[in-house]
Structures are given as C-alpha cells and as structure tokens.
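Coordinates as given in protein-v3.txt (compact mmCIF, C-alpha atoms and all ligand atoms):
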# COMPACT_ATOMS: atom_id res chain seq x y z
CA MET A 1279 2.71 11.59 -13.46
CA ASN A 1280 3.43 11.87 -17.16
CA THR A 1281 4.67 9.08 -19.38
CA VAL A 1282 8.21 10.50 -19.62
CA ILE A 1283 8.61 10.34 -15.84
CA GLU A 1284 6.98 6.93 -15.75
CA ALA A 1285 9.47 5.66 -18.34
CA ALA A 1286 12.41 7.23 -16.48
CA LEU A 1287 11.34 5.48 -13.29
CA GLY A 1288 10.99 2.18 -15.11
CA LEU A 1289 7.33 1.85 -14.18
CA HIS A 1290 5.23 -0.67 -16.08
CA TYR A 1291 2.16 1.49 -16.36
CA THR A 1292 -0.49 0.06 -18.62
CA ASP A 1293 -4.21 0.03 -18.97
CA LEU A 1294 -4.09 -3.39 -20.61
CA ALA A 1295 -5.65 -6.49 -19.15
CA VAL A 1296 -4.04 -9.88 -19.92
CA ASP A 1297 -6.52 -10.42 -22.74
CA GLY A 1298 -6.28 -7.01 -24.40
CA PRO A 1299 -7.09 -3.34 -24.00
CA VAL A 1300 -9.53 -2.36 -21.28
CA ALA A 1301 -12.73 -0.94 -22.73
CA PRO A 1302 -13.76 2.42 -21.29
CA PRO A 1303 -16.72 2.18 -18.92
CA GLN A 1304 -20.10 2.34 -20.65
CA GLY A 1305 -23.26 3.94 -19.33
CA ASP A 1306 -23.88 5.62 -16.00
CA LEU A 1307 -21.50 4.96 -13.14
CA VAL A 1308 -22.23 5.18 -9.44
CA ASP A 1309 -21.68 8.47 -7.68
CA GLU A 1310 -18.27 8.65 -5.93
CA GLN A 1311 -19.75 9.24 -2.47
CA ALA A 1312 -22.16 6.32 -2.78
CA PHE A 1313 -19.26 4.08 -3.83
CA ARG A 1314 -17.10 5.25 -0.89
CA SER A 1315 -19.94 4.75 1.61
CA ALA A 1316 -20.75 1.26 0.45
CA MET A 1317 -17.07 0.23 0.39
CA ALA A 1318 -16.71 1.51 3.96
CA ALA A 1319 -18.96 -1.38 5.03
CA LEU A 1320 -16.10 -3.72 4.16
CA PRO A 1321 -13.70 -4.10 7.13
CA THR A 1322 -9.98 -4.08 6.26
CA GLY A 1323 -6.69 -4.39 8.05
CA VAL A 1324 -4.47 -1.32 8.20
CA SER A 1325 -0.89 -1.52 6.96
CA VAL A 1326 2.02 0.81 6.27
CA ILE A 1327 4.19 0.62 3.15
CA THR A 1328 7.75 1.71 3.87
CA THR A 1329 10.64 2.50 1.57
CA ALA A 1330 14.01 4.09 2.17
CA ASP A 1331 16.14 6.33 -0.01
CA GLY A 1332 19.15 8.56 0.54
CA GLU A 1333 16.98 11.06 2.42
CA GLY A 1334 15.50 8.65 4.94
CA VAL A 1335 12.55 6.34 5.55
CA TRP A 1336 9.15 7.09 4.02
CA GLY A 1337 5.81 5.53 4.82
CA MET A 1338 2.19 5.45 3.66
CA THR A 1339 -0.92 3.95 5.29
CA VAL A 1340 -2.93 1.53 3.14
CA GLY A 1341 -6.07 -0.52 3.56
CA SER A 1342 -5.77 -2.19 0.17
CA LEU A 1343 -3.22 -4.89 0.99
CA THR A 1344 -4.24 -8.20 -0.59
CA SER A 1345 -2.58 -11.55 -1.08
CA LEU A 1346 -2.31 -12.22 -4.83
CA SER A 1347 -0.43 -15.48 -5.41
CA LEU A 1348 1.16 -18.31 -3.41
CA ARG A 1349 3.49 -19.68 -6.14
CA PRO A 1350 5.30 -17.40 -6.42
CA PRO A 1351 4.35 -15.47 -3.27
CA LEU A 1352 2.94 -12.13 -4.45
CA LEU A 1353 0.97 -9.40 -2.75
CA LEU A 1354 -0.66 -6.26 -4.07
CA VAL A 1355 -1.55 -2.82 -2.83
CA CYS A 1356 -3.55 -0.13 -4.63
CA LEU A 1357 -1.98 3.32 -4.46
CA HIS A 1358 -3.44 6.57 -5.75
CA ARG A 1359 -1.54 7.86 -8.75
CA GLY A 1360 -0.45 11.07 -7.01
CA SER A 1361 1.22 9.11 -4.22
CA THR A 1362 4.88 9.88 -3.58
CA THR A 1363 5.26 6.34 -2.22
CA LEU A 1364 4.26 4.98 -5.63
CA GLU A 1365 7.19 6.75 -7.26
CA LEU A 1366 9.61 5.87 -4.50
CA LEU A 1367 8.97 2.15 -4.32
CA ALA A 1368 9.28 1.74 -8.08
CA ARG A 1369 12.50 3.76 -8.08
CA GLU A 1370 14.04 1.91 -5.13
CA GLY A 1371 12.80 -1.47 -6.39
CA ARG A 1372 12.01 -2.77 -2.89
CA PHE A 1373 9.54 -2.01 -0.15
CA ALA A 1374 8.19 -3.41 3.11
CA VAL A 1375 4.61 -3.79 4.33
CA SER A 1376 3.81 -3.75 8.05
CA VAL A 1377 0.39 -4.89 9.33
CA LEU A 1378 -0.41 -2.58 12.23
CA ALA A 1379 -1.36 -3.79 15.69
CA GLN A 1380 -4.64 -2.73 17.27
CA ASP A 1381 -3.05 0.05 19.38
CA GLN A 1382 -1.25 1.65 16.40
CA HIS A 1383 -3.97 3.97 15.08
CA ASP A 1384 -1.69 6.95 15.76
CA VAL A 1385 0.88 5.34 13.44
CA ALA A 1386 -1.85 4.87 10.80
CA ASP A 1387 -2.86 8.53 11.06
CA ALA A 1388 0.74 9.74 10.91
CA PHE A 1389 1.43 7.83 7.69
CA ALA A 1390 -1.84 8.94 6.11
CA ARG A 1391 -0.24 12.37 5.65
CA PRO A 1392 1.54 12.84 2.30
CA ARG A 1393 5.28 12.28 2.17
CA THR A 1394 5.70 11.27 5.79
CA ARG A 1395 9.17 10.44 7.04
CA ALA A 1396 9.45 7.81 9.74
CA ALA A 1397 11.44 8.50 12.89
CA ALA A 1398 14.29 6.03 13.24
CA THR A 1399 12.88 4.96 16.62
CA SER A 1400 9.56 3.86 15.07
CA CYS A 1401 11.22 1.30 12.79
CA THR A 1402 13.24 -1.85 12.96
CA THR A 1403 15.17 -3.26 10.03
CA ALA A 1404 14.41 -6.44 8.08
CA ASP A 1405 16.31 -7.42 4.94
CA GLY A 1406 17.80 -3.95 4.97
CA LEU A 1407 14.30 -2.42 4.77
CA PRO A 1408 12.50 -0.41 7.46
CA VAL A 1409 9.46 -2.07 9.08
CA ILE A 1410 7.16 -0.54 11.67
CA ALA A 1411 8.12 -1.58 15.22
CA GLY A 1412 5.26 -3.38 16.99
CA ALA A 1413 3.49 -4.50 13.80
CA VAL A 1414 1.71 -7.87 14.03
CA ALA A 1415 3.13 -8.98 10.66
CA TRP A 1416 5.53 -7.69 8.07
CA PHE A 1417 6.62 -8.55 4.54
CA THR A 1418 9.65 -7.45 2.54
CA CYS A 1419 9.06 -7.27 -1.20
CA GLN A 1420 10.74 -6.72 -4.52
CA HIS A 1421 8.73 -4.43 -6.76
CA ARG A 1422 7.46 -6.57 -9.63
CA HIS A 1423 4.83 -4.62 -11.61
CA THR A 1424 2.73 -1.50 -11.48
CA TYR A 1425 -0.53 -1.44 -13.44
CA THR A 1426 -2.68 1.65 -13.52
CA SER A 1427 -6.42 1.74 -13.77
CA GLY A 1428 -8.53 4.78 -13.11
CA ASP A 1429 -6.93 7.09 -10.55
CA HIS A 1430 -5.03 4.29 -8.78
CA ALA A 1431 -2.20 1.89 -9.53
CA ILE A 1432 -1.98 -1.76 -8.55
CA VAL A 1433 1.50 -2.42 -7.22
CA ILE A 1434 2.58 -6.05 -7.15
CA GLY A 1435 5.41 -7.15 -4.89
CA ALA A 1436 7.24 -10.48 -4.83
CA VAL A 1437 7.54 -11.40 -1.16
CA ALA A 1438 11.08 -12.13 0.01
CA HIS A 1439 10.33 -12.53 3.73
CA ALA A 1440 7.19 -12.72 5.86
CA GLU A 1441 6.99 -12.72 9.66
CA GLN A 1442 4.25 -12.45 12.24
CA ARG A 1443 4.04 -12.10 15.99
CA ALA A 1444 1.31 -12.56 18.56
CA GLY A 1445 -1.21 -9.75 18.82
CA ASP A 1446 -4.42 -8.48 17.29
CA PRO A 1447 -4.47 -6.27 14.17
CA LEU A 1448 -5.90 -2.78 13.80
CA LEU A 1449 -9.08 -2.75 11.69
CA ARG A 1450 -10.80 -0.04 9.68
CA HIS A 1451 -14.56 -0.13 9.24
CA ALA A 1452 -17.17 2.54 8.47
CA SER A 1453 -14.39 5.19 8.41
CA ARG A 1454 -13.30 4.38 11.98
CA TYR A 1455 -10.54 2.34 13.55
CA ARG A 1456 -11.82 -0.80 15.28
CA ARG A 1457 -10.56 -3.67 17.36
CA LEU A 1458 -11.31 -7.33 16.80
CA HIS A 1459 -13.09 -7.72 20.13
C1 LIG B 1501 -6.91 3.64 7.08
C2 LIG B 1501 -6.35 4.25 5.81
C3 LIG B 1501 -6.18 3.46 4.67
C4 LIG B 1501 -5.69 4.01 3.48
N1 LIG B 1501 -5.54 3.21 2.38
C5 LIG B 1501 -5.04 3.71 1.24
C6 LIG B 1501 -4.84 2.85 0.11
O1 LIG B 1501 -5.07 1.64 0.15
N2 LIG B 1501 -4.34 3.43 -1.03
C7 LIG B 1501 -4.07 4.76 -1.12
O2 LIG B 1501 -3.65 5.22 -2.19
N3 LIG B 1501 -4.23 5.60 -0.05
C8 LIG B 1501 -4.69 5.09 1.12
N4 LIG B 1501 -4.84 5.90 2.21
C9 LIG B 1501 -4.44 7.32 2.08
C10 LIG B 1501 -2.90 7.50 2.11
O3 LIG B 1501 -2.37 6.99 3.32
C11 LIG B 1501 -2.56 9.00 1.97
O4 LIG B 1501 -3.06 9.49 0.74
C12 LIG B 1501 -1.06 9.29 2.08
O5 LIG B 1501 -0.92 10.67 2.32
C13 LIG B 1501 -0.25 8.95 0.85
O6 LIG B 1501 1.11 9.28 1.12
P1 LIG B 1501 2.17 9.57 -0.04
O7 LIG B 1501 1.56 10.58 -0.97
O8 LIG B 1501 3.37 10.11 0.69
O9 LIG B 1501 2.48 8.30 -0.73
C14 LIG B 1501 -5.34 5.38 3.42
C15 LIG B 1501 -5.47 6.17 4.58
C16 LIG B 1501 -5.96 5.62 5.75
C17 LIG B 1501 -6.09 6.49 6.99

Spell out the structure here as structure tokens.
Amino acid sequence: MNTVIEAALGLHYTDLAVDGPVAPPQGDLVDEQAFRSAMAALPTGVSVITTADGEGVWGMTVGSLTSLSLRPPLLLVCLHRGSTTLELLAREGRFAVSVLAQDQHDVADAFARPRTRAAATSCTTADGLPVIAGAVAWFTCQHRHTYTSGDHAIVIGAVAHAEQRAGDPLLRHASRYRRLH
C-alpha cells in the first residue's frame, strides 16, 4: 500500500516508536524459516477479525490477538501489510474479533483465504458488527491506531463490548490445530 492510499484511508502508519525513530536492524538476522519454526512452538488461540461494508461481511483468521491495555480497554492484532482486512477495518473504523471454539477449525481455514466473505448464517450481530456464531468470546472494537513495522501492521482497537460463553477455545501449535485436552 502506498502512502497516498494510506493517507486517503486515514491510516496512522508510522515506523516511529514513542521515543523516536526506529533504527534499522543491525548485523545478521535470523533466517525466516528458523524464525517461523521457533515461533510455532508458542501455542496461540485462533480468532477471526470481521468487518462489514456495503458489499457484505469480510473475515480474516489471526493468531496474533493480544490484550494491550485495561484502562482504557485496548487489544491489538498484527496483520500483514497486504491484507485486505487491514484496509477495510481502517476504512470502516470498527471491527469485531471472535475467539474460535475448539470445533471451529473449518472456520479458521475458511477465513485464512484472502478476501473471504462470510455467509450470513455463520454470523450473529453485536453492536451492529458481525461476529462468528459459536465463538467462545467476542469483542467489538473501534479502530484506534495502525502502526507498521516490517511487513506487518499492529492494529489497536478500543474495546466497546466483550462477551464470553462456556466452551473451550481452538488452539494452534506447531502448525496444527489443537484442543486444550
Ligand atoms: C491459524 C492462523 C493464524 C493466522 N494469523 C495471522 C495473523 O495473526 N496475522 C496475519 O496477517 N495473518 C494471519 N494468518 C493468515 C491470514 O488469515 C491470511 O493471510 C488471510 O488470507 C488474510 O486475509 P485478507 O487478505 O482478506 O485480509 C493466519 C492464518 C491462520 C490459519
């Protein structure tokens, strides 16, 4: 995405840290495959970001959901810079995050394809936003900031509503879906 488009979308793209410009990496860096393999040892939950526009409901699977702040309540997700969801959620200004249940690996796979539209039957509505039916938790968010670094962007959302229901989450570990037990 070039800077003209970024500006038109109102994105706050920056490579600045709070205390000044980020220095470029120095020296040798780890090989991409070694980095991926080692990170795969870290288990994560699996969530779907959803947004809606005039054309319908769009979703994207993420493993990078993290709680950022309690006061105010903020969360973050890291999205690759080519992601269509990244553009959409900044443009629409709002998005939802659904934490998938352990039997929803087919939902995770479906939304791991680029520019995936959600069937109306797979969603319920919360705060006027689509959330994935059957998710163990969901959050509705206002888009607050987007910061880029490397080939990804950190998207920060201010959480308007959060809900959970009974049930175990879907996990991802060593490039496979897992269950808690
Ligand atoms: C389990 C799992 C977790 C993923 N986590 C992320 C993530 O945190 N960030 C990301 O950019 N892509 C992640 N992906 C890949 C995206 O889901 C994929 O690139 C998707 O096609 C992006 O859709 P979009 O281009 O329509 O936004 C993940 C995929 C899977 C299967």

Query raised in the report: In Å to one decimal, how far is CA of Ser1342 in chain A from atom O6 of ligand LIG 1501 (chain B)?
Result: 13.4 Å

Query raised in the report: Between A:Leu1367, A:Met1338, A:Val1385, A:Ala1396, which one has atoms that come closest to ligand LIG 1501 (chain B), using all atoms listed in the file?
Result: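 Nearest candidate to ligand LIG 1501 (chain B) out of A:Leu1367, A:Met1338, A:Val1385, A:Ala1396: A:Met1338.
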
Report summary line: Among A:Ala1388, A:Val1340, A:Leu1378, A:Ala1301, Ala1444 in chain A is approached most closely, using all atoms listed in the file, by A:Leu1378

Requested in this report: For ligand LIG 1501 (chain B), list the contacting residues at 7 Å or closer, counting all atoms listed in the file, as a ChimeraX atom specification.
Outcome: /A:1324,1337-1343,1355-1358,1360-1364,1386-1387,1389-1394,1430,1450

Query raised in the report: Can you list, as an NGL selection string, every protein, DNA or RNA residue that comes within 10 Å of Thr1344 in chain A when you count only C-alpha atoms, leaving out same-chain residues fewer than 6 positions away?
Result: :A and (1322-1323 or 1352-1356 or 1434)

Query raised in the report: Nearest to Ser1345 in chain A: which of A:Ile1327, A:Phe1417, A:Asp1306, A:Tyr1425 is it, counting all atoms listed in the file?
Result: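 Smallest distance to Ser1345 in chain A is found for A:Phe1417.
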
Query - Among the residues A:Ala1436, A:Leu1346, A:Val1300, A:Ala1379, the one that comes closest to His1421 in chain A [using only C-alpha atoms] - result: A:Ala1436

Query raised in the report: Between A:Ala1319, A:Cys1419, A:Leu1448, A:Val1335, which has the minimum distance to Val1433 in chain A (counting only C-alpha atoms)?
Result: A:Cys1419

Query raised in the report: Quick one, how far is CA of Thr1424 in chain A from CA of Arg1349 in chain A?
Result: 19.0 Å

**Report entry** Two-atom distance - CA of Asp1384 in chain A, CA of Ser1400 in chain A (Å)
**Finding:**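 About the pair CA of Asp1384 in chain A and CA of Ser1400 in chain A: they are 11.7 Å apart.
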
**Report entry** Spatial neighbours of Gln1380 in chain A, 10 Å, all atoms listed in the file, chain gap at least 4 places, as a VMD selection string
**Finding:** chain A and resid 1323 to 1324 1412 to 1414 1445 to 1449 1455 to 1458

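The shell of residues at most 9 Å from Cys1401 in chain A, with all atoms listed in the file counted and near chain neighbours (fewer than 2 positions) removed, consists of Val1335, Ala1396, Ala1397, Ala1398, Thr1399, Thr1403, Pro1408, Val1409, Ile1410, Ala1411 and Gly1412 of chain A.
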
**Report entry** Top pick for closest residue to Ala1415 in chain A, considering A:Ser1325, A:Gly1332, A:His1459, A:Arg1372 and counting only C-alpha atoms
**Finding:**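 Ranked by minimum distance to Ala1415 in chain A, first place goes to A:Ser1325.
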
Supply range 1375-1399 of chain A as a PDB file, in the frame of the given file, with N, CA, C and O atoms built in where the input has gaps.
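Contents of selection09.pdb, as written:
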ATOM      1  N   VAL A1375       5.995  -4.016   3.913  1.00  0.00           N
ATOM      2  CA  VAL A1375       4.610  -3.790   4.330  1.00  0.00           C
ATOM      3  C   VAL A1375       4.486  -4.267   5.768  1.00  0.00           C
ATOM      4  O   VAL A1375       4.847  -5.410   6.073  1.00  0.00           O
ATOM      5  N   SER A1376       3.996  -3.398   6.642  1.00  0.00           N
ATOM      6  CA  SER A1376       3.810  -3.750   8.050  1.00  0.00           C
ATOM      7  C   SER A1376       2.324  -3.719   8.371  1.00  0.00           C
ATOM      8  O   SER A1376       1.646  -2.711   8.121  1.00  0.00           O
ATOM      9  N   VAL A1377       1.804  -4.817   8.928  1.00  0.00           N
ATOM     10  CA  VAL A1377       0.390  -4.890   9.330  1.00  0.00           C
ATOM     11  C   VAL A1377       0.299  -4.367  10.755  1.00  0.00           C
ATOM     12  O   VAL A1377       0.894  -4.944  11.681  1.00  0.00           O
ATOM     13  N   LEU A1378      -0.422  -3.262  10.931  1.00  0.00           N
ATOM     14  CA  LEU A1378      -0.410  -2.580  12.230  1.00  0.00           C
ATOM     15  C   LEU A1378      -1.174  -3.345  13.300  1.00  0.00           C
ATOM     16  O   LEU A1378      -2.167  -4.023  13.032  1.00  0.00           O
ATOM     17  N   ALA A1379      -0.697  -3.204  14.523  1.00  0.00           N
ATOM     18  CA  ALA A1379      -1.360  -3.790  15.690  1.00  0.00           C
ATOM     19  C   ALA A1379      -2.500  -2.879  16.136  1.00  0.00           C
ATOM     20  O   ALA A1379      -2.564  -1.693  15.774  1.00  0.00           O
ATOM     21  N   GLN A1380      -3.400  -3.444  16.942  1.00  0.00           N
ATOM     22  CA  GLN A1380      -4.640  -2.730  17.270  1.00  0.00           C
ATOM     23  C   GLN A1380      -4.428  -1.392  18.001  1.00  0.00           C
ATOM     24  O   GLN A1380      -5.298  -0.520  17.935  1.00  0.00           O
ATOM     25  N   ASP A1381      -3.291  -1.221  18.662  1.00  0.00           N
ATOM     26  CA  ASP A1381      -3.050   0.050  19.380  1.00  0.00           C
ATOM     27  C   ASP A1381      -2.251   1.041  18.530  1.00  0.00           C
ATOM     28  O   ASP A1381      -1.788   2.061  19.045  1.00  0.00           O
ATOM     29  N   GLN A1382      -2.108   0.781  17.225  1.00  0.00           N
ATOM     30  CA  GLN A1382      -1.250   1.650  16.400  1.00  0.00           C
ATOM     31  C   GLN A1382      -2.035   2.591  15.485  1.00  0.00           C
ATOM     32  O   GLN A1382      -1.571   2.945  14.405  1.00  0.00           O
ATOM     33  N   HIS A1383      -3.212   3.050  15.943  1.00  0.00           N
ATOM     34  CA  HIS A1383      -3.970   3.970  15.080  1.00  0.00           C
ATOM     35  C   HIS A1383      -3.280   5.314  14.919  1.00  0.00           C
ATOM     36  O   HIS A1383      -3.423   5.971  13.900  1.00  0.00           O
ATOM     37  N   ASP A1384      -2.446   5.699  15.915  1.00  0.00           N
ATOM     38  CA  ASP A1384      -1.690   6.950  15.760  1.00  0.00           C
ATOM     39  C   ASP A1384      -0.644   6.798  14.647  1.00  0.00           C
ATOM     40  O   ASP A1384      -0.377   7.752  13.891  1.00  0.00           O
ATOM     41  N   VAL A1385      -0.085   5.603  14.517  1.00  0.00           N
ATOM     42  CA  VAL A1385       0.880   5.340  13.440  1.00  0.00           C
ATOM     43  C   VAL A1385       0.150   5.416  12.091  1.00  0.00           C
ATOM     44  O   VAL A1385       0.637   6.029  11.137  1.00  0.00           O
ATOM     45  N   ALA A1386      -1.057   4.822  12.031  1.00  0.00           N
ATOM     46  CA  ALA A1386      -1.850   4.870  10.800  1.00  0.00           C
ATOM     47  C   ALA A1386      -2.151   6.316  10.407  1.00  0.00           C
ATOM     48  O   ALA A1386      -2.013   6.692   9.234  1.00  0.00           O
ATOM     49  N   ASP A1387      -2.543   7.123  11.363  1.00  0.00           N
ATOM     50  CA  ASP A1387      -2.860   8.530  11.060  1.00  0.00           C
ATOM     51  C   ASP A1387      -1.619   9.293  10.615  1.00  0.00           C
ATOM     52  O   ASP A1387      -1.683  10.105   9.687  1.00  0.00           O
ATOM     53  N   ALA A1388      -0.498   9.019  11.257  1.00  0.00           N
ATOM     54  CA  ALA A1388       0.740   9.740  10.910  1.00  0.00           C
ATOM     55  C   ALA A1388       1.124   9.450   9.455  1.00  0.00           C
ATOM     56  O   ALA A1388       1.464  10.365   8.698  1.00  0.00           O
ATOM     57  N   PHE A1389       1.005   8.192   9.047  1.00  0.00           N
ATOM     58  CA  PHE A1389       1.430   7.830   7.690  1.00  0.00           C
ATOM     59  C   PHE A1389       0.331   8.028   6.651  1.00  0.00           C
ATOM     60  O   PHE A1389       0.517   7.692   5.476  1.00  0.00           O
ATOM     61  N   ALA A1390      -0.798   8.565   7.073  1.00  0.00           N
ATOM     62  CA  ALA A1390      -1.840   8.940   6.110  1.00  0.00           C
ATOM     63  C   ALA A1390      -1.621  10.374   5.629  1.00  0.00           C
ATOM     64  O   ALA A1390      -2.376  10.866   4.791  1.00  0.00           O
ATOM     65  N   ARG A1391      -0.587  11.042   6.153  1.00  0.00           N
ATOM     66  CA  ARG A1391      -0.240  12.370   5.650  1.00  0.00           C
ATOM     67  C   ARG A1391       0.774  12.197   4.517  1.00  0.00           C
ATOM     68  O   ARG A1391       1.653  11.338   4.599  1.00  0.00           O
ATOM     69  N   PRO A1392       0.637  13.017   3.444  1.00  0.00           N
ATOM     70  CA  PRO A1392       1.540  12.840   2.300  1.00  0.00           C
ATOM     71  C   PRO A1392       3.010  13.001   2.695  1.00  0.00           C
ATOM     72  O   PRO A1392       3.345  13.812   3.548  1.00  0.00           O
ATOM     73  N   ARG A1393       3.819  12.194   2.043  1.00  0.00           N
ATOM     74  CA  ARG A1393       5.280  12.280   2.170  1.00  0.00           C
ATOM     75  C   ARG A1393       5.732  12.339   3.631  1.00  0.00           C
ATOM     76  O   ARG A1393       6.376  13.285   4.069  1.00  0.00           O
ATOM     77  N   THR A1394       5.354  11.311   4.371  1.00  0.00           N
ATOM     78  CA  THR A1394       5.700  11.270   5.790  1.00  0.00           C
ATOM     79  C   THR A1394       6.991  10.489   5.993  1.00  0.00           C
ATOM     80  O   THR A1394       7.124   9.349   5.547  1.00  0.00           O
ATOM     81  N   ARG A1395       7.923  11.117   6.698  1.00  0.00           N
ATOM     82  CA  ARG A1395       9.170  10.440   7.040  1.00  0.00           C
ATOM     83  C   ARG A1395       9.010   9.753   8.384  1.00  0.00           C
ATOM     84  O   ARG A1395       8.411  10.303   9.301  1.00  0.00           O
ATOM     85  N   ALA A1396       9.552   8.565   8.482  1.00  0.00           N
ATOM     86  CA  ALA A1396       9.450   7.810   9.740  1.00  0.00           C
ATOM     87  C   ALA A1396      10.632   8.156  10.627  1.00  0.00           C
ATOM     88  O   ALA A1396      11.764   8.253  10.151  1.00  0.00           O
ATOM     89  N   ALA A1397      10.353   8.319  11.919  1.00  0.00           N
ATOM     90  CA  ALA A1397      11.440   8.500  12.890  1.00  0.00           C
ATOM     91  C   ALA A1397      12.178   7.172  13.001  1.00  0.00           C
ATOM     92  O   ALA A1397      11.564   6.096  12.940  1.00  0.00           O
ATOM     93  N   ALA A1398      13.481   7.260  13.159  1.00  0.00           N
ATOM     94  CA  ALA A1398      14.290   6.030  13.240  1.00  0.00           C
ATOM     95  C   ALA A1398      13.795   5.137  14.369  1.00  0.00           C
ATOM     96  O   ALA A1398      13.804   3.909  14.249  1.00  0.00           O
ATOM     97  N   THR A1399      13.311   5.741  15.453  1.00  0.00           N
ATOM     98  CA  THR A1399      12.880   4.960  16.620  1.00  0.00           C
ATOM     99  C   THR A1399      11.593   4.166  16.343  1.00  0.00           C
ATOM    100  O   THR A1399      11.288   3.241  17.081  1.00  0.00           O
TER     101      THR A1399
END
